[in-house]
Amino acid sequence: MLKHKAVEIIAAHRKEAISVATMQAAAPWHKAGQGKDFHVDASACMGSASSLGLGIALGAPQKKVIVLDGDGSLLMQLGSLVTIGAQAPRNFFHIVFSNGHYESSGNQPIPGLGVFSFVALAKAAGYAGAESFSQADDFDKALPGILGRQGPILIDLAIERDDAKPAWPGIPMAQMVAKLRADMGF
Amino acid sequence: MSDTSTAAAEVFADSVKGVLIAKSVAATGATHIICIPDTNLKSAIEALHGPGMPKMIYACTEDEAVGINAGLYMTGHRPMMLIQNNGMLACLNTIKAIALDAKVPTFMLIGQYGRDVKLPIEKNKLRVVRLLEPTLDTWGVPHWRLDAEKDLGNIQIAWDRAWADLGPSAAIVGAPSN
């Protein structure tokens with residue numbers, strides 16, 4: 001599945017959910033117009049998207065939270081799967097863009113490529129559900145139903161390697177934090 | 001009176017009752033504590049599970065705690081962290097990116113684990129004890145010591161500073177709470 005296609009599908013089904021994006025999913029998410037409201041990027045803190053999303057999900061249980069994570073990024077705070085499983089926020093949806101590489105730094109392979117499974121790890125950590133998709137059509141058909149279930153749910157997307165120059169939204173995280181607080185009425 | 005006997009009797013940090021630390025924490029109005037436990041704060045953590053206390057959230061790492069703290073802040077809550085000196089060093093990048101650069105109030109109650117209270121901090125054997133405060137200074141994180149019951153007010157002072165600056169601050173508990 002192409003990264004941009006995955007972003008397009010998530011955007012189409014997002015509705016009123018708060019979003020958190022990181023690494024090379026962030027720029028396409030903004031390009032798709034999804035970074036304007038109820039959104040924050042995890043910038044310059046690789047690995048923190050899941051933890052930011054958990055805090056938001058616990059703080060705003062009335063809103064769904066969709067985290068667009070990276071595989072290398074999630075590996076940096078892999079313990080967050082356990083923390084999320086323990087807190088069990090029903091409104092938490094964790095989508096991992098798995099391309100098997102550290103795309104931002106030149107597509108070096110991630111550790112354990114082809115050995116570990118985020119789906120298995122998430123289930124073992126206490127997520128309510130975890131699924132993987134490699135075909136965009138399958139993901140598109142399944143996503144509305146998944147978002148209608150109780151979380152926390154992890155979705156592992158098999159994303160094709162992208163050798164394009166890395167892109168960044170270029171918006172200071174402080175600005176996005178203040179904007180999300182304003183969107184939330186604070 | 002000899003200088004030697006005076007020095008041997010001197011204690012640079014006294015134990016503070018955990019219930020008093022917990023009361024001071026609750027008085028700040030904190031809504032959540034994201035906790036990676038510390039030995040010095042064992043009795044305080046126990047007291048923080050009592051009625052009327054902030055909601056306790058245990059995380060696996062201090063990096064996670066910084067992120068969870070920020071998420072709760074963005075949704076209108078007033079969270080804080082409870083960690084150990086070693087943990088502070090472990091999460092410097094997220095402190096840099098989220099608490100400092102993204103301007104998120106991040107009050108940290110830090111246990112000075114391993115401190116020999118009969119020695120000035122700068123003469124302690126453990127590197128983490130000696131270098132915690134210089135590390136915080138390097139990153140511009142304001143901090144206050146909680147070395148005796150008379151210092152309990154520093155929790156509120158450090159809390160207020162985090163919210164005034166929209167950034168990190170710390171209160172450092174120097175001896176095991178009792």
# chains A, B, ... in the order shown; residues from 1 in each chain; ligands from 1

$ interface_residues --of "chain B" --to "chain A" --cutoff "10 Å" --atoms "only C-alpha atoms" --output "NGL selection string"
:B and (32 or 34 or 57-61 or 63-77 or 79 or 93-104)

$ select_by_dssp --residues "chain B" --states "helix (DSSP H, G or I)" --output "VMD selection string"
chain B and resid 3 to 9 18 to 27 39 to 47 62 to 74 85 to 90 92 to 101 121 to 123 127 to 138 149 to 151 153 to 165

$ select_by_dssp --residues "stretch 11-167 of chain B" --states "strand (DSSP E or B)" --output "VMD selection string"
chain B and resid 32 to 35 55 to 58 79 to 84 106 to 111 143 to 146

$ write_last_selection --atoms "C-alpha atoms" --output "JSON list (two decimals), in the first residue's frame"
[["chain", "number", "residue", "atom", "x", "y", "z"],
["B", 32, "HIS", "CA", -3.19, 13.31, 37.18],
["B", 33, "ILE", "CA", 0.20, 11.94, 38.20],
["B", 34, "ILE", "CA", 2.09, 9.98, 35.58],
["B", 35, "CYS", "CA", 4.36, 7.81, 37.66],
["B", 55, "LYS", "CA", -5.50, 10.10, 39.41],
["B", 56, "MET", "CA", -2.40, 7.89, 39.26],
["B", 57, "ILE", "CA", -1.25, 6.60, 35.87],
["B", 58, "TYR", "CA", 1.69, 4.22, 35.75],
["B", 79, "PRO", "CA", -1.10, 16.65, 35.07],
["B", 80, "MET", "CA", 2.35, 16.17, 36.58],
["B", 81, "MET", "CA", 5.07, 13.53, 36.66],
["B", 82, "LEU", "CA", 6.65, 11.57, 39.49],
["B", 83, "ILE", "CA", 9.99, 10.05, 38.53],
["B", 84, "GLN", "CA", 13.52, 9.23, 39.69],
["B", 106, "THR", "CA", 5.62, 19.65, 32.91],
["B", 107, "PHE", "CA", 6.07, 19.63, 36.67],
["B", 108, "MET", "CA", 8.28, 16.78, 37.83],
["B", 109, "LEU", "CA", 8.56, 15.50, 41.38],
["B", 110, "ILE", "CA", 11.95, 13.79, 41.25],
["B", 111, "GLY", "CA", 13.41, 11.43, 43.81],
["B", 143, "HIS", "CA", 14.28, 23.28, 40.14],
["B", 144, "TRP", "CA", 13.89, 23.41, 43.89],
["B", 145, "ARG", "CA", 15.09, 21.06, 46.62],
["B", 146, "LEU", "CA", 12.83, 19.36, 49.08]]

$ residues_around --residues "B:Thr135" --least-positions-apart "6" --cutoff "10 Å" --atoms "only C-alpha atoms" --output "list in words"
Met88, Leu89, Leu92, Val128 and Val141 of chain B

$ write_last_selection --atoms "C-alpha atoms" --output "CSV table (one decimal), in the first residue's frame"
chain,number,residue,atom,x,y,z
B,88,MET,CA,15.1,12.3,34.3
B,89,LEU,CA,18.2,11.6,32.4
B,92,LEU,CA,15.9,14.4,28.2
B,128,VAL,CA,23.5,10.9,38.8
B,141,VAL,CA,14.7,23.6,33.8

$ closest_residue --among "B:Pro134, B:Pro37, B:Gly18, B:Gly174" --to "B:Asp116" --atoms "only C-alpha atoms"
B:Gly174

$ atom_distance --atom1 "atom CA of A:Val119" --atom2 "atom CA of A:His94"
10.9 Å

$ residues_around --residues "B:Pro120" --least-positions-apart "3" --cutoff "7 Å" --atoms "only C-alpha atoms" --output "count of residues only"
3

$ residues_around --residues "A:Arg149" --least-positions-apart "4" --cutoff "10 Å" --atoms "only C-alpha atoms" --output "ChimeraX atom specification"
/A:90-91,93,128-129,144-145,153

$ write_last_selection --atoms "C-alpha atoms" --output "PDB file, in the first residue's frame"
ATOM      1  CA  ARG A  90     -11.910   2.796  24.313  1.00  0.00           C
ATOM      2  CA  ASN A  91     -11.426   5.797  22.025  1.00  0.00           C
ATOM      3  CA  PHE A  93      -6.971   3.852  17.462  1.00  0.00           C
ATOM      4  CA  ALA A 128      -8.831  -4.872  22.467  1.00  0.00           C
ATOM      5  CA  GLY A 129      -7.953  -5.703  18.880  1.00  0.00           C
ATOM      6  CA  PRO A 144     -15.189   2.292   9.270  1.00  0.00           C
ATOM      7  CA  GLY A 145     -16.089  -0.889  11.116  1.00  0.00           C
ATOM      8  CA  ILE A 153      -7.127  -1.083  18.535  1.00  0.00           C
TER       9      ILE A 153
END

$ residues_around --residues "stretch 99-106 of chain A" --least-positions-apart "6" --cutoff "8 Å" --atoms "only C-alpha atoms" --output "NGL selection string"
:A and (23-24 or 71-72 or 113 or 158-163 or 166)

$ write_last_selection --atoms "C-alpha atoms" --output "PDB file, in the first residue's frame"
ATOM      1  CA  MET A  23       7.592  11.142  11.030  1.00  0.00           C
ATOM      2  CA  GLN A  24       6.821  10.542   7.331  1.00  0.00           C
ATOM      3  CA  ASP A  71       7.191   1.324  12.750  1.00  0.00           C
ATOM      4  CA  GLY A  72      10.627   2.630  13.668  1.00  0.00           C
ATOM      5  CA  LEU A 113      12.375  -6.595  10.218  1.00  0.00           C
ATOM      6  CA  ALA A 158       2.193  -2.705   5.144  1.00  0.00           C
ATOM      7  CA  ILE A 159       3.451   0.433   3.435  1.00  0.00           C
ATOM      8  CA  GLU A 160       5.695   0.412   0.365  1.00  0.00           C
ATOM      9  CA  ARG A 161       9.175   1.822   0.776  1.00  0.00           C
ATOM     10  CA  ASP A 162       9.367   5.440  -0.371  1.00  0.00           C
ATOM     11  CA  ASP A 163      12.690   6.788  -1.627  1.00  0.00           C
ATOM     12  CA  PRO A 166      11.742  13.234   3.406  1.00  0.00           C
TER      13      PRO A 166
END

$ atom_distance --atom1 "atom CA of B:Ser177" --atom2 "atom CA of B:Asp38"
10.5 Å

$ residues_around --residues "B:Pro105" --least-positions-apart "4" --cutoff "7 Å" --atoms "only C-alpha atoms" --output "list in words"
Ala99, Ala162, Trp163, Leu166, Gly167 and Pro168 of chain B

$ atom_distance --atom1 "atom CA of B:Ile157" --atom2 "atom CA of B:Thr28"
9.3 Å
